[in-house]
$ cat run_30.cif   # mmCIF, C-alpha atoms and all ligand atoms
data_entry
#
loop_
_atom_site.label_atom_id
_atom_site.label_comp_id
_atom_site.auth_asym_id
_atom_site.auth_seq_id
_atom_site.Cartn_x
_atom_site.Cartn_y
_atom_site.Cartn_z
CA MET A 1 0.00 0.00 0.00
CA ASN A 2 1.25 3.47 -0.85
CA THR A 3 1.12 5.60 2.31
CA LYS A 4 0.24 9.22 1.52
CA VAL A 5 1.84 12.06 3.48
CA TRP A 6 -0.44 15.08 3.79
CA LYS A 7 1.57 18.00 5.14
CA VAL A 8 -0.43 20.64 7.03
CA ASP A 9 1.74 23.52 8.15
CA ASN A 10 -0.77 26.29 8.38
CA PHE A 11 -3.22 25.88 11.25
CA GLY A 12 -5.17 29.03 10.30
CA ASP A 13 -8.90 29.50 9.91
CA ASN A 14 -11.08 27.17 7.88
CA LEU A 15 -8.84 24.15 8.49
CA ILE A 16 -11.92 21.98 8.06
CA ASN A 17 -11.84 22.76 4.32
CA ASN A 18 -8.07 22.28 3.93
CA PRO A 19 -7.74 19.90 0.92
CA GLN A 20 -5.32 17.61 2.80
CA ILE A 21 -7.75 17.23 5.70
CA VAL A 22 -10.70 16.75 3.35
CA ASP A 23 -8.78 13.95 1.57
CA ALA A 24 -7.81 12.26 4.86
CA ALA A 25 -11.43 12.51 6.12
CA HIS A 26 -12.59 10.82 2.95
CA PHE A 27 -10.30 7.85 3.62
CA LEU A 28 -11.71 7.56 7.16
CA GLN A 29 -15.27 7.52 5.76
CA GLU A 30 -14.17 4.68 3.46
CA ASN A 31 -13.00 2.73 6.55
CA GLU A 32 -9.31 3.17 5.73
CA VAL A 33 -6.89 4.11 8.53
CA VAL A 34 -4.87 7.33 8.70
CA ALA A 35 -2.42 8.71 11.25
CA LEU A 36 -3.14 12.13 12.73
CA PRO A 37 -1.34 14.52 15.07
CA THR A 38 -2.80 15.14 18.52
CA GLU A 39 -1.37 17.30 21.32
CA THR A 40 0.05 14.17 23.02
CA VAL A 41 1.34 11.73 20.37
CA TYR A 42 0.31 10.79 16.81
CA GLY A 43 -2.73 8.50 16.69
CA LEU A 44 -3.69 5.87 14.14
CA GLY A 45 -7.33 6.71 13.39
CA GLY A 46 -10.14 4.60 12.00
CA ASN A 47 -13.96 4.65 12.06
CA ALA A 48 -14.87 3.39 15.55
CA GLU A 49 -18.23 2.11 14.30
CA SER A 50 -16.65 -0.18 11.72
CA ASP A 51 -15.17 -3.63 12.45
CA THR A 52 -13.31 -3.41 9.12
CA ALA A 53 -11.58 -0.15 10.00
CA VAL A 54 -10.77 -1.27 13.54
CA GLU A 55 -9.31 -4.57 12.31
CA LYS A 56 -7.00 -2.55 10.05
CA ILE A 57 -5.75 -0.56 13.05
CA PHE A 58 -4.90 -3.71 15.05
CA ALA A 59 -3.27 -5.33 12.00
CA ALA A 60 -1.08 -2.31 11.10
CA LYS A 61 0.21 -1.99 14.69
CA GLY A 62 0.45 -5.69 15.46
CA ARG A 63 -1.58 -4.89 18.60
CA PRO A 64 -3.01 -7.60 20.89
CA SER A 65 -6.79 -7.72 20.36
CA ASP A 66 -7.58 -7.59 24.11
CA ASN A 67 -6.28 -4.01 24.34
CA PRO A 68 -9.14 -1.50 23.79
CA LEU A 69 -8.76 1.72 21.77
CA ILE A 70 -9.50 5.28 22.84
CA ILE A 71 -12.38 6.92 20.94
CA HIS A 72 -11.72 10.49 19.77
CA ILE A 73 -14.52 13.02 19.33
CA ALA A 74 -14.86 16.64 18.18
CA ASN A 75 -17.89 17.58 20.32
CA ARG A 76 -19.97 16.36 23.24
CA GLU A 77 -23.04 15.49 21.12
CA GLN A 78 -21.03 12.60 19.67
CA LEU A 79 -20.40 11.29 23.19
CA LEU A 80 -24.12 11.03 23.98
CA GLY A 81 -24.46 8.71 20.98
CA PHE A 82 -22.41 5.88 22.47
CA VAL A 83 -22.18 6.22 26.27
CA ARG A 84 -24.93 5.20 28.71
CA GLU A 85 -24.43 7.94 31.29
CA ILE A 86 -22.19 10.90 32.04
CA PRO A 87 -21.50 11.01 35.80
CA GLU A 88 -21.18 14.36 37.60
CA ASN A 89 -17.41 13.90 38.13
CA ALA A 90 -16.93 13.33 34.43
CA VAL A 91 -18.84 16.51 33.57
CA MET A 92 -16.51 18.54 35.82
CA LEU A 93 -13.42 16.93 34.29
CA MET A 94 -14.67 17.47 30.73
CA ASP A 95 -15.47 21.12 31.50
CA LYS A 96 -11.93 21.67 32.73
CA PHE A 97 -9.75 19.45 30.54
CA TRP A 98 -11.50 18.95 27.17
CA PRO A 99 -10.18 19.43 24.63
CA GLY A 100 -6.98 18.09 26.21
CA PRO A 101 -4.86 15.12 27.27
CA LEU A 102 -7.49 13.38 29.43
CA THR A 103 -9.25 10.13 28.49
CA ILE A 104 -12.37 9.35 30.51
CA ILE A 105 -13.79 5.82 30.86
CA PHE A 106 -17.62 5.66 30.59
CA LYS A 107 -20.20 2.88 30.55
CA LYS A 108 -20.83 2.02 26.92
CA LYS A 109 -24.14 1.94 25.03
CA GLU A 110 -24.37 -1.43 23.31
CA GLY A 111 -24.55 -1.85 19.54
CA ILE A 112 -23.07 1.41 18.31
CA LEU A 113 -19.29 1.17 18.40
CA SER A 114 -17.39 -1.79 16.99
CA ASP A 115 -16.94 -4.34 19.81
CA LYS A 116 -13.41 -4.85 18.52
CA ALA A 117 -12.59 -1.19 19.31
CA THR A 118 -13.57 -1.69 22.95
CA ALA A 119 -12.08 -5.22 23.10
CA GLY A 120 -15.50 -6.54 24.18
CA LEU A 121 -15.58 -4.48 27.42
CA ASP A 122 -18.79 -2.81 28.61
CA THR A 123 -16.88 0.46 29.06
CA VAL A 124 -15.28 2.88 26.61
CA GLY A 125 -12.42 5.39 26.88
CA VAL A 126 -13.09 8.74 25.20
CA ARG A 127 -11.18 11.94 24.65
CA MET A 128 -11.40 15.22 22.74
CA PRO A 129 -7.87 16.00 21.54
CA ASP A 130 -6.53 19.55 21.75
CA HIS A 131 -4.97 19.81 18.30
CA PRO A 132 -6.41 21.92 15.46
CA VAL A 133 -5.64 19.28 12.80
CA ALA A 134 -7.19 16.44 14.84
CA LEU A 135 -10.29 18.49 15.64
CA ALA A 136 -10.77 19.59 12.01
CA LEU A 137 -10.38 16.00 10.79
CA LEU A 138 -12.84 14.65 13.39
CA GLU A 139 -15.37 17.31 12.53
CA LYS A 140 -14.99 16.85 8.79
CA CYS A 141 -15.44 13.07 8.82
CA GLY A 142 -18.27 13.27 11.39
CA LEU A 143 -17.39 9.88 12.90
CA PRO A 144 -16.15 8.79 16.33
CA ILE A 145 -12.53 7.84 15.60
CA ALA A 146 -10.72 5.01 17.38
CA ALA A 147 -7.04 5.94 17.64
CA PRO A 148 -4.26 4.21 19.52
CA SER A 149 -0.77 5.68 19.33
CA ALA A 150 0.49 5.31 15.73
CA ASN A 151 3.54 3.14 16.49
CA SER A 152 4.18 -0.57 15.98
CA SER A 153 3.07 -2.31 19.16
CA GLY A 154 5.87 -2.25 21.76
CA LYS A 155 7.81 0.65 20.19
CA PRO A 156 7.98 4.19 21.61
CA SER A 157 4.91 6.26 20.68
CA PRO A 158 5.35 8.65 17.74
CA THR A 159 5.77 12.36 18.42
CA HIS A 160 6.78 13.25 14.82
CA ALA A 161 5.17 12.17 11.52
CA GLU A 162 8.58 10.65 10.62
CA HIS A 163 8.24 8.23 13.57
CA VAL A 164 4.89 7.08 12.16
CA MET A 165 6.49 6.47 8.77
CA GLU A 166 9.39 4.54 10.38
CA ASP A 167 6.90 2.06 11.83
CA LEU A 168 3.87 2.05 9.51
CA ASN A 169 4.95 3.11 5.99
CA GLY A 170 3.20 0.82 3.50
CA LYS A 171 0.72 -0.42 6.13
CA ILE A 172 -1.70 2.53 6.37
CA ALA A 173 -3.48 4.83 3.89
CA GLY A 174 -1.74 7.99 5.01
CA VAL A 175 -0.40 10.31 7.67
CA LEU A 176 -1.39 13.93 8.29
CA ASP A 177 1.90 15.62 9.15
CA GLY A 178 1.22 18.48 11.55
CA GLY A 179 4.79 18.70 12.88
CA PRO A 180 5.94 17.58 16.34
CA THR A 181 3.26 16.99 18.98
CA GLY A 182 3.38 19.15 22.11
CA VAL A 183 2.87 17.21 25.35
CA GLY A 184 4.87 14.17 24.20
CA VAL A 185 3.39 11.55 26.56
CA GLU A 186 -0.07 10.08 26.12
CA SER A 187 -3.28 11.22 27.77
CA THR A 188 -4.08 10.42 31.39
CA VAL A 189 -6.70 7.64 31.50
CA VAL A 190 -9.22 8.10 34.33
CA ASP A 191 -12.08 5.74 35.16
CA CYS A 192 -15.25 7.62 36.18
CA THR A 193 -17.62 4.63 36.19
CA GLU A 194 -17.43 3.86 39.92
CA GLY A 195 -17.72 7.04 42.00
CA VAL A 196 -14.25 8.25 42.99
CA PRO A 197 -12.21 8.72 39.78
CA VAL A 198 -9.31 6.25 39.40
CA ILE A 199 -6.20 6.96 37.33
CA LEU A 200 -5.48 3.89 35.18
CA ARG A 201 -2.61 5.46 33.24
CA PRO A 202 -0.66 8.59 34.26
CA GLY A 203 -0.28 11.13 31.45
CA GLY A 204 -0.52 14.73 30.32
CA VAL A 205 -2.96 15.79 33.06
CA THR A 206 -1.49 15.29 36.54
CA LYS A 207 -3.16 13.78 39.62
CA GLU A 208 -2.88 17.17 41.35
CA GLN A 209 -4.73 18.86 38.47
CA LEU A 210 -7.53 16.28 38.65
CA GLU A 211 -7.80 16.63 42.43
CA ASN A 212 -8.18 20.39 42.10
CA VAL A 213 -11.36 19.77 40.10
CA VAL A 214 -13.02 16.72 41.72
CA GLY A 215 -11.39 16.34 45.13
CA GLU A 216 -10.43 12.75 45.87
CA VAL A 217 -8.70 10.82 43.07
CA ARG A 218 -7.28 7.29 43.42
CA ILE A 219 -4.51 5.54 41.53
CA ASP A 220 -5.01 2.01 40.17
CA PRO A 221 -3.01 -0.19 42.59
CA ALA A 222 -1.40 -1.90 39.58
CA LEU A 223 0.52 1.34 38.91
CA VAL A 224 2.36 1.00 42.20
CA ASP A 225 2.29 -2.74 42.85
CA GLU A 226 3.40 -5.02 40.04
CA ALA A 227 1.51 -7.97 41.49
CA SER A 228 -1.99 -6.57 40.96
CA GLN A 229 -3.87 -6.84 37.67
CA PRO A 230 -4.14 -3.45 35.88
CA LYS A 231 -7.66 -2.23 35.05
CA SER A 232 -6.34 -0.73 31.84
CA PRO A 233 -5.46 -3.74 29.67
CA GLY A 234 -2.69 -1.85 27.84
CA MET A 235 -0.74 -1.29 31.05
CA LYS A 236 0.24 -4.96 31.34
CA TYR A 237 2.30 -4.94 28.14
CA LYS A 238 5.96 -4.04 27.80
CA HIS A 239 6.07 -0.82 25.83
CA TYR A 240 8.14 2.02 24.50
CA ALA A 241 11.28 -0.12 24.35
CA PRO A 242 14.35 0.95 22.38
CA ASN A 243 16.23 -1.90 20.64
CA ALA A 244 19.10 -2.00 23.15
CA PRO A 245 18.47 -2.98 26.79
CA LEU A 246 17.74 0.06 28.92
CA PHE A 247 18.62 0.33 32.62
CA LEU A 248 17.42 3.12 34.93
CA VAL A 249 20.08 4.23 37.36
CA ALA A 250 19.06 5.28 40.86
CA GLY A 251 22.17 7.05 42.04
CA GLY A 252 24.52 9.93 41.37
CA MET A 253 26.24 10.88 38.13
CA GLY A 254 29.50 9.28 39.26
CA PHE A 255 27.74 5.95 39.81
CA LEU A 256 26.14 6.07 36.34
CA GLN A 257 29.47 7.02 34.74
CA GLY A 258 31.11 4.04 36.52
CA LEU A 259 28.54 1.65 35.02
CA ALA A 260 29.14 3.13 31.55
CA ASP A 261 32.94 2.83 31.92
CA GLU A 262 32.67 -0.80 32.99
CA LYS A 263 30.56 -1.76 29.95
CA ARG A 264 32.83 0.15 27.57
CA ARG A 265 35.83 -1.76 28.95
CA GLU A 266 33.92 -4.93 28.01
CA GLY A 267 33.78 -3.58 24.45
CA LEU A 268 30.11 -2.54 24.39
CA ARG A 269 28.81 0.65 22.77
CA VAL A 270 27.17 2.55 25.61
CA GLY A 271 24.42 5.18 25.44
CA VAL A 272 23.52 7.57 28.26
CA LEU A 273 20.12 9.25 28.59
CA THR A 274 20.34 12.48 30.53
CA THR A 275 19.17 16.11 30.32
CA GLU A 276 20.70 19.35 29.06
CA GLU A 277 21.98 20.22 32.53
CA ASN A 278 24.26 17.15 32.72
CA ALA A 279 24.91 16.11 29.11
CA ALA A 280 28.43 17.59 28.84
CA LYS A 281 29.53 15.86 32.03
CA TYR A 282 29.21 12.25 30.80
CA ASP A 283 31.68 10.27 28.72
CA ALA A 284 30.06 7.50 26.62
CA ASP A 285 29.67 6.44 22.97
CA ILE A 286 26.54 8.55 22.75
CA VAL A 287 25.05 10.91 25.30
CA VAL A 288 21.52 12.04 24.49
CA SER A 289 19.86 14.82 26.38
CA CYS A 290 16.13 14.77 26.80
CA GLY A 291 14.87 18.26 27.63
CA ARG A 292 15.67 20.05 30.89
CA ARG A 293 15.38 18.45 34.32
CA SER A 294 14.35 21.84 35.71
CA GLU A 295 11.27 21.77 33.41
CA LEU A 296 9.90 18.23 33.28
CA GLU A 297 7.42 19.20 30.52
CA THR A 298 10.40 19.47 28.14
CA VAL A 299 11.53 15.95 29.13
CA ALA A 300 8.03 14.59 28.40
CA ALA A 301 8.00 16.35 25.02
CA ASP A 302 11.35 14.79 23.94
CA LEU A 303 11.16 11.39 25.64
CA TYR A 304 10.00 9.13 22.80
CA ASP A 305 12.15 10.85 20.18
CA THR A 306 15.15 10.32 22.48
CA LEU A 307 14.36 6.60 22.90
CA ARG A 308 14.09 6.25 19.12
CA ARG A 309 17.38 8.15 18.64
CA PHE A 310 19.31 5.35 20.37
CA ASN A 311 17.99 2.97 17.71
CA SER A 312 19.21 5.12 14.84
CA VAL A 313 22.76 5.50 16.21
CA GLY A 314 22.99 1.87 17.33
CA VAL A 315 24.15 1.11 20.90
CA ASP A 316 24.46 -2.14 22.87
CA ILE A 317 23.23 -0.87 26.23
CA ILE A 318 21.63 2.31 27.58
CA PHE A 319 21.84 3.81 31.07
CA SER A 320 19.29 6.47 31.99
CA GLU A 321 18.99 8.95 34.80
CA MET A 322 15.76 8.79 36.84
CA PHE A 323 13.28 11.65 37.28
CA PRO A 324 11.15 12.90 40.17
CA SER A 325 7.75 11.23 39.93
CA ASP A 326 5.49 14.12 40.86
CA GLY A 327 3.46 16.12 38.31
CA VAL A 328 4.17 15.05 34.73
CA GLY A 329 7.17 13.13 36.15
CA HIS A 330 4.66 10.41 37.11
CA ALA A 331 4.00 9.73 33.41
CA ILE A 332 7.68 10.06 32.47
CA MET A 333 8.78 7.51 35.09
CA ASN A 334 5.87 5.18 34.21
CA ARG A 335 6.97 5.12 30.54
CA LEU A 336 10.70 4.86 31.33
CA LEU A 337 10.15 1.94 33.72
CA LYS A 338 8.14 0.15 31.02
CA ALA A 339 10.78 0.90 28.39
CA ALA A 340 13.36 -0.57 30.78
CA GLY A 341 11.22 -3.61 31.60
CA ASN A 342 11.49 -2.35 35.23
CA LYS A 343 15.29 -2.81 35.32
CA VAL A 344 16.65 -0.36 37.91
CA ILE A 345 20.23 -0.37 39.20
CA SER A 346 20.60 1.26 42.61
CA GLU A 347 23.77 2.79 44.00
O1 LIG B 401 -2.77 10.41 24.16
C1 LIG B 401 -3.35 9.36 23.88
O2 LIG B 401 -4.18 8.83 24.64
C2 LIG B 401 -3.05 8.72 22.52
C3 LIG B 401 -3.54 9.66 21.43
C4 LIG B 401 -3.37 9.10 20.05
O3 LIG B 401 -4.87 10.01 21.68
N1 LIG B 401 -3.64 7.43 22.40
C5 LIG B 401 -3.19 6.34 23.08
O4 LIG B 401 -3.83 5.16 22.78
O5 LIG B 401 -2.27 6.39 23.88
P1 LIG B 401 -3.26 3.73 23.16
O6 LIG B 401 -4.14 2.77 22.46
O7 LIG B 401 -1.82 3.68 22.82
O8 LIG B 401 -3.52 3.59 24.70
C6 LIG B 401 -4.84 3.45 25.18
C7 LIG B 401 -4.82 3.03 26.64
C8 LIG B 401 -4.45 1.57 26.78
O9 LIG B 401 -3.64 1.42 27.95
C9 LIG B 401 -5.81 0.91 26.95
O10 LIG B 401 -5.73 -0.32 27.62
C10 LIG B 401 -6.57 1.96 27.73
O11 LIG B 401 -6.14 3.19 27.17
N2 LIG B 401 -8.02 1.84 27.58
C11 LIG B 401 -8.78 2.07 26.48
N3 LIG B 401 -10.08 1.80 26.71
C12 LIG B 401 -10.17 1.37 28.00
C13 LIG B 401 -11.23 0.93 28.84
N4 LIG B 401 -12.49 0.85 28.40
N5 LIG B 401 -10.94 0.56 30.10
C14 LIG B 401 -9.66 0.63 30.56
N6 LIG B 401 -8.60 1.05 29.82
C15 LIG B 401 -8.85 1.40 28.56
MG MG B 402 0.20 3.23 22.79
#
$ encode --input "run_30.cif" --output "structure tokens" --more "lines below"
Ligand code: TXA
Ligand code: MG
Amino acid sequence: MNTKVWKVDNFGDNLINNPQIVDAAHFLQENEVVALPTETVYGLGGNAESDTAVEKIFAAKGRPSDNPLIIHIANREQLLGFVREIPENAVMLMDKFWPGPLTIIFKKKEGILSDKATAGLDTVGVRMPDHPVALALLEKCGLPIAAPSANSSGKPSPTHAEHVMEDLNGKIAGVLDGGPTGVGVESTVVDCTEGVPVILRPGGVTKEQLENVVGEVRIDPALVDEASQPKSPGMKYKHYAPNAPLFLVAGGMGFLQGLADEKRREGLRVGVLTTEENAAKYDADIVVSCGRRSELETVAADLYDTLRRFNSVGVDIIFSEMFPSDGVGHAIMNRLLKAAGNKVISE
């Protein structure tokens, strides 16, 4: 399949009639799948009401079929079409964070969305993305769009259209290239079906921000304790992994440098993942800085591109600094631990 690249570099007025977006919307209406930029990561979109379209999403990504997709909408009227109820907590969260990086789990109305999109669950995760290209596309095609991150399953999520092409060229109808995404880590997934909201996946909206709106917020125990079963099926899979084994290092710079030296003496090519503050202080085959530690938002924005960069230069082993896990650091550490398969070396 020839994968089209539709470049959209002007987000001005009347985006809904931009010929590139009109073309992409047409493919969606024909149940083809296209990648689109959102404010978090690129998504791989398909008609959420069509088994055919949803099957194409799972096939292109190589995604396990028990992992449900997030449904993307342009307006709240669409939501009423496929959810059974909108609890009070959810209304407050939507008022504050939509459009934005927050996915809310609702009880699903039967018989409207493809059961494959929701992996047969009786709930559905929904979000309204805060990106002009995504919103124009959703509005133009008029369909609820199922969209997981547009990477091959297991790889880091795509934050540039080039990442999508690396993984999915030839497997999808096209990609709308709207430049780099902003937030860089995926949406926060919050379950509002059982009273007190529960965070199933940390992301672009922090726990503190949610608490400021609804008061008490819980965290799915599986996010802190590996032994319990996660309520979000996707959280049980290894994810975001670069090709070389990645180790998180809980210790000072000298300790990390010592680990790198030891592996280089053994003849391995060593990569170090750090931030702009410390990059010049390490000696390794490649030192990649991921934003600024003093502004964790910049680390989130660069994280997946940095993980992919180690693949393009080719290293045998990667050592990474750790980050504080408050605010957006919660999502950063969640993704890094997954990318590392939970391998942490402590001083
Ligand atoms: O920022 C994002 O959320 C991006 C962009 C493209 O919107 N999308 C994304 O989708 O990250 P994906 O498929 O890579 O991750 C969806 C996560 C998975 O962990 C999945 O298990 C969970 O959301 N999820 C979806 N529906 C669910 C449901 N009904 N109950 C529990 N978890 C659900
Ligand atoms: Mg994903």
$ atom_distance --input "run_30.cif" --atom1 "CA of Leu80 in chain A" --atom2 "CA of Asn67 in chain A"
23.3 Å
$ residues_around --input "run_30.cif" --residues "range 293-310 of chain A" --least-positions-apart "6" --cutoff "7 Å" --atoms "all atoms listed in the file" --output "PyMOL selection string"
chain A and resi 156-159+182-185+242+275+328-329+332
$ closest_atom_pairs --input "run_30.cif" --of "chain A" --to "ligand MG 402 (chain B)" --cutoff "9 Å" --atoms "only C-alpha atoms and all ligand atoms" --output "tab-separated table"
residue	atom	partner	partner_atom	distance
A:Val41	CA	B:MG402	MG	8.9
A:Gly43	CA	B:MG402	MG	8.6
A:Pro148	CA	B:MG402	MG	5.6
A:Ser149	CA	B:MG402	MG	4.3
A:Ala150	CA	B:MG402	MG	7.4
A:Asn151	CA	B:MG402	MG	7.1
A:Ser152	CA	B:MG402	MG	8.8
A:Ser153	CA	B:MG402	MG	7.2
A:Gly154	CA	B:MG402	MG	8.0
A:Lys155	CA	B:MG402	MG	8.4
A:Pro156	CA	B:MG402	MG	7.9
A:Ser157	CA	B:MG402	MG	6.0
A:Glu186	CA	B:MG402	MG	7.6
A:Gly234	CA	B:MG402	MG	7.7
A:His239	CA	B:MG402	MG	7.8
A:Tyr240	CA	B:MG402	MG	8.2
$ write_last_selection --input "run_30.cif" --atoms "C-alpha atoms" --output "compact mmCIF listing (two decimals), keeping the file's coordinate frame"
# COMPACT_ATOMS: atom_id res chain seq x y z
CA VAL A 41 1.34 11.73 20.37
CA GLY A 43 -2.73 8.50 16.69
CA PRO A 148 -4.26 4.21 19.52
CA SER A 149 -0.77 5.68 19.33
CA ALA A 150 0.49 5.31 15.73
CA ASN A 151 3.54 3.14 16.49
CA SER A 152 4.18 -0.57 15.98
CA SER A 153 3.07 -2.31 19.16
CA GLY A 154 5.87 -2.25 21.76
CA LYS A 155 7.81 0.65 20.19
CA PRO A 156 7.98 4.19 21.61
CA SER A 157 4.91 6.26 20.68
CA GLU A 186 -0.07 10.08 26.12
CA GLY A 234 -2.69 -1.85 27.84
CA HIS A 239 6.07 -0.82 25.83
CA TYR A 240 8.14 2.02 24.50
$ axis_aligned_box --input "run_30.cif" --around "ligand LIG 401 (chain B)" --padding-each-side "6 Å" --output "JSON"
{"center_x": -7.2, "center_y": 5.0, "center_z": 25.3, "size_x": 22.7, "size_y": 22.7, "size_z": 22.5}
$ residues_around --input "run_30.cif" --residues "Leu93 in chain A" --least-positions-apart "2" --cutoff "9 Å" --atoms "all atoms listed in the file" --output "JSON, numbers by chain"
{"A": [88, 89, 90, 91, 95, 96, 97, 98, 102, 104, 210, 213, 214]}
$ closest_residue --input "run_30.cif" --among "A:Pro87, A:Gly204, A:Pro144, A:Pro68" --to "Asp115 in chain A" --atoms "all atoms listed in the file"
A:Pro68
